[in-house]
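Participant: start.tsv (TSV, C-alpha atoms) pasted underneath:
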chain	number	residue	atom	x	y	z
A	1	MET	CA	104.29	35.34	-92.35
A	2	CYS	CA	105.36	37.77	-89.64
A	3	ASN	CA	105.54	36.30	-86.14
A	4	TRP	CA	105.50	39.37	-83.86
A	5	TYR	CA	105.72	37.33	-80.66
A	6	ALA	CA	108.83	35.46	-81.93
A	7	LYS	CA	110.66	38.73	-82.59
A	8	ARG	CA	110.53	39.60	-78.87
A	9	PRO	CA	112.73	37.18	-76.87
A	10	GLU	CA	111.79	38.84	-73.60
A	11	ALA	CA	108.17	37.82	-74.17
A	12	ARG	CA	109.21	34.20	-73.94
A	13	SER	CA	111.41	34.60	-70.85
A	14	PRO	CA	110.62	32.22	-67.93
A	15	ALA	CA	110.07	35.09	-65.51
A	16	ARG	CA	107.53	36.76	-67.78
A	17	ILE	CA	105.72	33.48	-68.38
A	18	VAL	CA	105.49	32.86	-64.61
A	19	ARG	CA	104.12	36.38	-64.05
A	20	MET	CA	101.52	35.94	-66.77
A	21	TRP	CA	100.53	32.54	-65.34
A	22	LYS	CA	100.10	34.01	-61.84
A	23	LEU	CA	97.97	36.88	-63.15
A	24	ALA	CA	95.81	34.47	-65.12
A	25	THR	CA	95.40	32.24	-62.06
A	26	VAL	CA	94.37	35.15	-59.83
A	27	ALA	CA	91.89	36.36	-62.44
A	28	LEU	CA	90.43	32.87	-62.72
A	29	VAL	CA	90.04	32.52	-58.94
A	30	VAL	CA	88.36	35.94	-58.70
A	31	ASP	CA	86.01	35.08	-61.55
A	32	LEU	CA	85.13	31.73	-59.98
A	33	ALA	CA	84.49	33.31	-56.56
A	34	ALA	CA	82.30	35.98	-58.12
A	35	GLY	CA	80.44	33.33	-60.06
A	36	VAL	CA	79.83	31.21	-56.97
A	37	ALA	CA	78.66	34.26	-54.99
A	38	THR	CA	76.32	35.24	-57.81
A	39	MET	CA	74.91	31.72	-58.04
A	40	PHE	CA	74.40	31.64	-54.25
A	41	ALA	CA	72.64	35.01	-54.32
A	42	GLN	CA	70.43	33.91	-57.20
A	43	ALA	CA	69.61	30.59	-55.53
A	44	ALA	CA	68.66	32.09	-52.15
A	45	PRO	CA	64.92	32.83	-52.06
A	46	PRO	CA	63.45	36.08	-50.71
A	47	VAL	CA	62.92	36.04	-46.96
A	48	TYR	CA	59.86	37.96	-45.79
A	49	PHE	CA	58.68	39.11	-42.39
A	50	ASN	CA	55.49	37.22	-41.51
A	51	HIS	CA	54.55	37.96	-37.91
A	52	ALA	CA	55.86	38.95	-34.51
A	53	THR	CA	55.20	36.86	-31.40
A	54	ILE	CA	55.22	39.23	-28.41
A	55	PHE	CA	55.03	38.16	-24.77
A	56	VAL	CA	53.22	40.78	-22.69
A	57	ALA	CA	52.13	41.23	-19.08
A	58	PRO	CA	48.76	39.72	-18.06
A	59	GLY	CA	47.26	43.20	-17.62
A	60	VAL	CA	48.20	44.20	-21.19
A	61	TYR	CA	46.86	40.92	-22.55
A	62	ALA	CA	43.53	41.46	-20.76
A	63	ALA	CA	43.27	45.02	-22.08
A	64	LEU	CA	43.89	43.83	-25.63
A	65	LEU	CA	41.22	41.19	-25.25
A	66	GLU	CA	38.68	43.73	-23.96
A	67	SER	CA	39.35	46.39	-26.61
A	68	GLY	CA	36.31	47.07	-28.78
A	69	PHE	CA	38.48	49.15	-31.16
A	70	LEU	CA	40.84	46.27	-31.90
A	71	ARG	CA	38.04	43.73	-32.15
A	72	ASN	CA	35.59	45.71	-34.27
A	73	ASP	CA	37.44	48.50	-36.09
A	74	PHE	CA	41.18	47.96	-36.36
A	75	SER	CA	41.65	44.51	-37.88
A	76	PHE	CA	40.70	40.88	-37.94
A	77	PHE	CA	40.95	40.02	-34.24
A	78	ARG	CA	40.77	36.64	-32.55
A	79	GLU	CA	41.90	34.82	-29.42
A	80	ASN	CA	42.70	31.21	-30.19
A	81	THR	CA	44.02	28.17	-28.32
A	82	ALA	CA	46.04	25.65	-30.31
A	83	THR	CA	48.31	22.67	-29.80
A	84	ALA	CA	51.83	22.49	-31.22
A	85	GLN	CA	54.09	19.47	-31.24
A	86	ARG	CA	57.74	20.52	-31.11
A	87	ASP	CA	60.65	18.14	-30.71
A	88	GLY	CA	58.31	15.30	-29.83
A	89	GLU	CA	56.52	17.21	-27.06
A	90	ALA	CA	53.01	18.64	-27.35
A	91	SER	CA	51.99	21.88	-25.66
A	92	SER	CA	48.92	24.10	-25.81
A	93	TYR	CA	49.11	27.85	-26.03
A	94	THR	CA	46.62	30.70	-26.23
A	95	ALA	CA	47.26	33.88	-28.18
A	96	ILE	CA	45.56	36.99	-29.51
A	97	TYR	CA	45.91	37.56	-33.25
A	98	VAL	CA	45.76	40.98	-34.94
A	99	SER	CA	45.93	40.34	-38.69
A	100	GLY	CA	46.68	42.39	-41.79
A	101	GLN	CA	46.91	41.38	-45.44
A	102	ARG	CA	50.38	39.79	-45.37
A	103	THR	CA	51.61	40.31	-41.82
A	104	TYR	CA	50.17	39.97	-38.34
A	105	LEU	CA	50.84	40.16	-34.60
A	106	GLU	CA	50.61	37.34	-32.08
A	107	PHE	CA	50.31	38.41	-28.43
A	108	MET	CA	50.84	35.90	-25.62
A	109	LYS	CA	51.00	36.21	-21.84
A	110	GLU	CA	54.43	36.01	-20.29
A	111	GLY	CA	55.14	32.49	-19.05
A	112	SER	CA	52.28	30.97	-21.05
A	113	ASP	CA	54.43	28.80	-23.32
A	114	PRO	CA	57.16	26.97	-21.36
A	115	ALA	CA	58.45	25.38	-24.58
A	116	LEU	CA	59.59	28.84	-25.72
A	117	GLY	CA	60.64	30.26	-22.36
A	118	SER	CA	58.21	33.16	-22.90
A	119	LYS	CA	59.63	35.82	-20.58
A	120	LEU	CA	58.09	39.29	-20.46
A	121	GLY	CA	59.29	41.26	-23.48
A	122	ASP	CA	60.45	38.24	-25.48
A	123	VAL	CA	59.92	38.88	-29.20
A	124	TYR	CA	60.15	36.31	-31.97
A	125	LEU	CA	60.37	37.80	-35.46
A	126	ASN	CA	58.89	35.00	-37.55
A	127	MET	CA	60.27	34.99	-41.08
A	128	TRP	CA	58.72	33.36	-44.15
A	129	ILE	CA	59.85	31.83	-47.43
A	130	ASP	CA	57.38	30.81	-50.14
A	131	ASP	CA	59.25	27.63	-51.09
A	132	ARG	CA	59.78	25.40	-48.06
A	133	ARG	CA	62.25	23.25	-50.01
A	134	GLN	CA	64.75	26.14	-49.89
A	135	LEU	CA	65.09	25.97	-46.10
A	136	PRO	CA	68.28	23.81	-46.22
A	137	LEU	CA	70.06	26.49	-48.27
A	138	LEU	CA	69.10	29.24	-45.84
A	139	ARG	CA	69.94	27.02	-42.85
A	140	ASP	CA	73.46	26.69	-44.27
A	141	LEU	CA	73.72	30.45	-44.84
A	142	LEU	CA	72.62	31.08	-41.25
A	143	SER	CA	75.06	28.47	-39.95
A	144	ALA	CA	77.90	30.17	-41.82
A	145	LYS	CA	77.03	33.48	-40.14
A	146	ARG	CA	76.42	31.99	-36.69
A	147	ARG	CA	79.38	29.91	-35.62
A	148	ASP	CA	78.14	29.48	-32.06
A	149	SER	CA	75.52	26.79	-32.68
A	150	THR	CA	74.44	23.94	-34.92
A	151	LEU	CA	71.20	24.70	-36.72
A	152	MET	CA	68.62	22.09	-37.62
A	153	ILE	CA	65.31	21.99	-39.49
A	154	ARG	CA	62.48	20.83	-37.23
A	155	THR	CA	58.87	20.16	-38.19
A	156	VAL	CA	56.11	21.59	-35.97
A	157	ARG	CA	52.79	19.72	-36.08
A	158	ASN	CA	49.29	20.63	-34.96
A	159	GLY	CA	46.96	18.75	-32.62
A	160	GLN	CA	45.98	16.35	-35.41
A	161	ASN	CA	49.65	15.50	-36.03
A	162	ALA	CA	49.59	17.23	-39.43
A	163	PRO	CA	52.71	19.28	-40.29
A	164	THR	CA	52.19	23.04	-39.96
A	165	TYR	CA	55.65	24.40	-40.75
A	166	ASP	CA	59.36	23.60	-40.78
A	167	ALA	CA	61.61	25.91	-38.79
A	168	VAL	CA	65.35	26.51	-38.61
A	169	VAL	CA	66.27	26.23	-34.93
A	170	PRO	CA	69.34	25.35	-32.82
A	171	ALA	CA	70.04	21.66	-32.26
A	172	GLY	CA	68.66	22.03	-28.73
A	173	GLY	CA	65.24	22.94	-30.09
A	174	ALA	CA	62.83	25.87	-29.82
A	175	LYS	CA	63.77	26.63	-26.21
A	176	ASP	CA	67.29	27.58	-27.34
A	177	VAL	CA	66.28	30.06	-30.04
A	178	LEU	CA	66.82	33.09	-27.80
A	179	GLY	CA	69.63	31.96	-25.52
A	180	PRO	CA	71.06	33.61	-22.39
A	181	GLY	CA	70.58	37.36	-22.19
A	182	VAL	CA	68.64	37.48	-25.47
A	183	HIS	CA	65.00	38.60	-25.70
A	184	VAL	CA	64.65	38.91	-29.47
A	185	ALA	CA	65.64	36.79	-32.46
A	186	THR	CA	64.33	35.78	-35.86
A	187	VAL	CA	62.90	32.34	-36.62
A	188	LEU	CA	62.91	31.23	-40.26
A	189	LYS	CA	59.96	29.09	-41.33
A	190	GLY	CA	58.59	27.33	-44.39
A	191	TYR	CA	54.89	26.53	-44.21
A	192	TYR	CA	52.70	23.70	-45.45
A	193	PRO	CA	51.30	23.19	-48.07
A	194	ASP	CA	54.28	23.77	-50.34
A	195	GLY	CA	54.34	27.04	-52.23
A	196	ILE	CA	51.85	28.89	-50.02
A	197	THR	CA	52.31	32.68	-49.95
A	198	ARG	CA	51.66	35.00	-47.04
A	199	GLU	CA	48.59	36.46	-48.77
A	200	LYS	CA	47.21	32.96	-49.27
A	201	GLY	CA	47.92	32.12	-45.67
A	202	ARG	CA	46.00	35.22	-44.53
A	203	GLU	CA	42.88	34.46	-46.57
A	204	GLY	CA	39.87	34.86	-44.32
A	205	ARG	CA	42.02	36.64	-41.73
A	206	PHE	CA	42.34	39.97	-43.51
A	207	LEU	CA	39.36	42.30	-43.46
A	208	PRO	CA	39.93	45.16	-45.97
A	209	GLN	CA	36.99	47.14	-44.56
A	210	ARG	CA	38.94	47.54	-41.31
A	211	LEU	CA	41.99	49.72	-40.77
A	212	LEU	CA	45.09	47.52	-40.62
A	213	GLN	CA	46.83	46.85	-43.93
A	214	ASN	CA	50.33	45.63	-43.02
A	215	ILE	CA	53.30	46.03	-40.71
A	216	THR	CA	55.92	48.15	-42.48
A	217	GLY	CA	58.57	48.85	-39.83
A	218	ILE	CA	59.87	47.42	-36.57
A	219	THR	CA	62.14	49.26	-34.14
A	220	LEU	CA	63.60	47.55	-31.07
A	221	THR	CA	65.98	48.51	-28.31
A	222	VAL	CA	68.56	45.74	-28.07
A	223	ASN	CA	71.66	44.82	-26.12
A	224	ASP	CA	74.97	43.87	-27.75
A	225	ALA	CA	74.22	40.14	-27.90
A	226	GLU	CA	70.81	40.74	-29.51
A	227	ARG	CA	72.19	43.24	-32.01
A	228	ASN	CA	75.04	40.96	-33.07
A	229	ARG	CA	72.71	37.98	-33.50
A	230	LEU	CA	70.16	39.97	-35.51
A	231	VAL	CA	72.80	41.47	-37.79
A	232	GLU	CA	74.08	37.96	-38.55
A	233	GLU	CA	70.56	36.76	-39.31
A	234	PHE	CA	69.61	39.76	-41.46
A	235	ARG	CA	72.76	39.37	-43.52
A	236	ALA	CA	72.06	35.67	-44.04
A	237	TYR	CA	68.66	36.72	-45.42
A	238	SER	CA	70.45	39.03	-47.91
A	239	TYR	CA	68.95	42.14	-46.33
A	240	ARG	CA	70.67	45.47	-46.87
A	241	VAL	CA	72.26	46.20	-43.48
A	242	ASN	CA	73.56	49.62	-42.49
A	243	ILE	CA	75.45	50.17	-39.24
A	244	ASP	CA	75.83	53.74	-37.99
A	245	GLY	CA	77.49	53.75	-34.60
A	246	GLY	CA	75.27	51.68	-32.35
A	247	ARG	CA	72.18	51.92	-34.57
A	248	VAL	CA	71.44	49.29	-37.19
A	249	THR	CA	69.00	49.42	-40.09
A	250	ALA	CA	68.10	46.33	-42.10
A	251	SER	CA	65.87	46.52	-45.17
A	252	SER	CA	63.81	43.47	-46.13
A	253	PRO	CA	61.55	43.16	-49.19
A	254	ASP	CA	58.70	45.03	-47.46
A	255	VAL	CA	59.65	45.78	-43.82
A	256	THR	CA	62.44	47.92	-42.39
A	257	PHE	CA	64.02	46.87	-39.10
A	258	GLU	CA	65.83	49.33	-36.85
A	259	LEU	CA	67.91	48.32	-33.83
A	260	VAL	CA	68.60	50.94	-31.17
A	261	PRO	CA	71.12	50.39	-28.33
A	262	SER	CA	69.47	49.80	-24.97
A	263	LYS	CA	70.35	51.99	-22.00
A	264	PRO	CA	70.95	50.82	-18.42
A	265	HIS	CA	67.77	50.75	-16.31
A	266	ALA	CA	65.71	52.17	-19.21
A	267	PRO	CA	62.68	50.24	-20.50
A	268	ARG	CA	63.03	48.13	-23.62
A	269	ILE	CA	60.90	49.54	-26.44
A	270	LEU	CA	59.23	47.78	-29.36
A	271	THR	CA	57.67	50.05	-31.99
A	272	LEU	CA	55.54	48.72	-34.84
A	273	GLU	CA	54.89	50.94	-37.86
A	274	MET	CA	51.77	49.98	-39.82
A	275	SER	CA	50.05	51.00	-43.04
A	276	LEU	CA	46.27	51.48	-43.04
A	277	THR	CA	43.65	50.67	-45.66
A	278	ARG	CA	42.27	54.21	-45.47
A	279	PRO	CA	43.04	57.51	-43.73
A	280	ALA	CA	42.28	57.63	-40.02
A	281	GLY	CA	42.08	60.59	-37.70
A	282	GLU	CA	44.46	61.48	-34.90
A	283	GLN	CA	43.54	58.91	-32.28
A	284	ARG	CA	45.32	57.32	-29.31
A	285	TYR	CA	44.43	53.99	-27.73
A	286	ARG	CA	46.02	52.50	-24.60
A	287	PHE	CA	45.97	48.82	-23.71
A	288	GLY	CA	47.19	48.43	-20.15
A	289	GLU	CA	50.49	49.80	-18.95
A	290	GLY	CA	53.16	50.46	-21.59
A	291	SER	CA	51.08	49.63	-24.69
A	292	GLU	CA	49.82	52.47	-26.88
A	293	LEU	CA	48.51	52.64	-30.45
A	294	ARG	CA	48.27	55.92	-32.36
A	295	THR	CA	46.68	56.47	-35.76
A	296	HIS	CA	47.55	59.33	-38.10
A	297	GLY	CA	46.50	59.60	-41.75
A	298	ASN	CA	47.34	56.39	-43.60
A	299	SER	CA	49.59	55.00	-40.88
A	300	ALA	CA	49.62	53.84	-37.29
A	301	ARG	CA	52.29	53.32	-34.65
A	302	TRP	CA	52.04	50.76	-31.86
A	303	THR	CA	54.55	51.17	-29.02
A	304	LEU	CA	55.15	48.62	-26.27
A	305	ALA	CA	57.48	49.20	-23.32
A	306	PHE	CA	58.96	46.44	-21.17
A	307	SER	CA	60.91	46.75	-17.96
A	308	SER	CA	64.64	46.18	-18.42
A	309	ASP	CA	66.40	43.14	-16.91
Give the structure from the file, written as structure tokens.

Facilitator:
Amino acid sequence: MCNWYAKRPEARSPARIVRMWKLATVALVVDLAAGVATMFAQAAPPVYFNHATIFVAPGVYAALLESGFLRNDFSFFRENTATAQRDGEASSYTAIYVSGQRTYLEFMKEGSDPALGSKLGDVYLNMWIDDRRQLPLLRDLLSAKRRDSTLMIRTVRNGQNAPTYDAVVPAGGAKDVLGPGVHVATVLKGYYPDGITREKGREGRFLPQRLLQNITGITLTVNDAERNRLVEEFRAYSYRVNIDGGRVTASSPDVTFELVPSKPHAPRILTLEMSLTRPAGEQRYRFGEGSELRTHGNSARWTLAFSSD
């Protein structure tokens, strides 16, 4: 029987054996790392945009409340007062809700919720996962991206002490979600009961005979601290992030986020792109100073301007 390997002494040399062992070790480490990354990616659930909480000036809030177009034609529309228990403290808040099929807007007056800080122009991008039990995994992914704080999972309860949702927040609680110099951040939530979807959560709050279908795009002017924080968060959610100079685009399962660098002394801008249930004419609606909604065909654009710091 011919032993080809035995006929080549150099194949059995110590140096060659060491080289082969090193190559095999590197290949094994690479394979293991790729396998772990794949398992992590497969285990992480989709993270969806659910709603934006926007703190506006009292005049804008009043104009929204008085708008017959919003109340009767554009969407499900309601002002509601509720109680939330966060970190052992109960607080009441009042908000206007403009609801689509899967996504909605929550408008509040500046300063109306001390538990959140609620400065003019503050924006909370509330994110959703269908399986609340996956929050610990995403908390760890966020913690790995954000090395500046310890993140915890806190349960928010309603006025009857029943759990409403669990949220990933800094150890200091909801008041520390934004932080110094930051007006916008995402908040990841898992809602009760377990397994509820956004569509299920919107049942009774989506009126298909009205115009609003869903929010499809969000553009914000941001400072460096806000942009860096949001990029970290979007990457933890496995969004496709593209950075082109100062502009950032992040693609989620059904909403595209765009971050535009703010300019000194220029107003901060929030633009909401929306799909409509049916074509609408070219119309423009203003709600106080710095808030304008335009409809065109099957889409609408809502722009809000806030004075810079």

Participant: Mind listing whatever residues come within 10 Å of the point (68.8, 49.6, -41.9)? Use only C-alpha atoms, file coordinates, and give them as JSON, numbers by chain.

Facilitator: {"A": [231, 234, 239, 240, 241, 242, 243, 244, 247, 248, 249, 250, 251, 252, 256, 257, 258, 259]}

Participant: Can you tell me how far CA of His183 in chain A sits from CA of Thr94 in chain A, in Å to one decimal?

Facilitator: 20.0 Å

Participant: So which one's closest to Ala84 in chain A, A:Pro114, A:Pro170, A:Gly100, A:Gly159? Using only C-alpha atoms, please.

Facilitator: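 Residue with the minimum atom-to-atom distance to Ala84 in chain A: A:Gly159.
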
Participant: From the set A:Leu120, A:Leu188, A:Leu142, A:Leu212, which residue has the shortest atom-to-atom contact distance to Arg235 in chain A, counting all atoms listed in the file?

Facilitator: A:Leu142

Participant: For Pro208 in chain A, please output as a compact mmCIF listing (two decimals) with C-alpha atoms, keeping the file's coordinate frame all residues within 12 Å (counting only C-alpha atoms; exclusion window: fewer than 6 positions along the same chain).

Facilitator:
# COMPACT_ATOMS: atom_id res chain seq x y z
CA ASP A 73 37.44 48.50 -36.09
CA PHE A 74 41.18 47.96 -36.36
CA SER A 75 41.65 44.51 -37.88
CA PHE A 76 40.70 40.88 -37.94
CA SER A 99 45.93 40.34 -38.69
CA GLY A 100 46.68 42.39 -41.79
CA GLN A 101 46.91 41.38 -45.44
CA ARG A 102 50.38 39.79 -45.37
CA ARG A 202 46.00 35.22 -44.53
CA ASN A 214 50.33 45.63 -43.02
CA LEU A 276 46.27 51.48 -43.04
CA THR A 277 43.65 50.67 -45.66
CA ARG A 278 42.27 54.21 -45.47

Participant: List as a list in words the protein and nucleic acid residues near Ala280 in chain A, meaning an atom at most 12 Å away when all atoms listed in the file are counted, but skip any in the same chain fewer than 4 places from it.

Facilitator: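 The contact residues come out as Asp73, Phe74, Arg210, Leu211, Leu212, Ser275, Leu276, Arg284, Arg294, Thr295, His296, Gly297, Asn298, Ser299 and Ala300 of chain A.
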
Participant: In terms of the shortest atom-to-atom distance over all atoms listed in the file, which of A:Ser118, A:Ser143, A:Gln209, A:Asn158 is closest to Asp176 in chain A?

Facilitator: A:Ser118

Participant: Using only C-alpha atoms, pick whichever of A:Thr103, A:Asn80, A:Gln283, A:Thr150 has the shortest atom-to-atom distance to Leu65 in chain A.

Facilitator: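 Result for the nearest residue to Leu65 in chain A: A:Asn80.
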
Participant: If we count only C-alpha atoms and set the cut-off at 12 Å, which residues sit around Ala82 in chain A, ignoring sequence neighbours fewer than 4 positions away in its own chain? Please answer as JSON, numbers by chain.

Facilitator: {"A": [90, 91, 92, 93, 94, 95, 96, 113, 157, 158, 159, 160, 164]}

Participant: Give me, as an NGL selection string, all polymer residues having an atom no more than 6 Å from Glu292 in chain A, counting only C-alpha atoms and skipping those fewer than 2 positions away in the same chain.

Facilitator: :A and (285-286 or 302-303)

Participant: Could you name the residues that touch Met127 in chain A at 7 Å or less, counting all atoms listed in the file, but leaving out those on the same chain fewer than 2 positions away, as a list in words?

Facilitator: Val47, Tyr48, Phe49, Asn50, Leu125, Thr186, Val187, Leu188 and Lys189 of chain A

Participant: Which residue gives the smallest distance to Gly59 in chain A among A:Gly172, A:Glu106, A:Asn228, A:Ser291, with all atoms listed in the file counted?

Facilitator: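 The answer is A:Ser291, which sits nearest to Gly59 in chain A.
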
Participant: What is the distance, in Å and to one decimal place, between CA of Leu70 in chain A and CA of Phe55 in chain A?

Facilitator: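 Calculated distance between CA of Leu70 in chain A and CA of Phe55 in chain A is 17.8 Å.
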
Participant: Using only C-alpha atoms for the distances, tell me which of A:Gly217, A:Pro45, A:Pro163, A:Gly190 is nearest to Leu137 in chain A.

Facilitator: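 Checking each candidate against Leu137 in chain A, we get A:Pro45 as the closest.
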
Participant: One decimal, Å: what's the distance from CA of Gly246 in chain A over to CA of Ala266 in chain A, could you say?

Facilitator: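 Distance reported for this atom pair: 16.3 Å.
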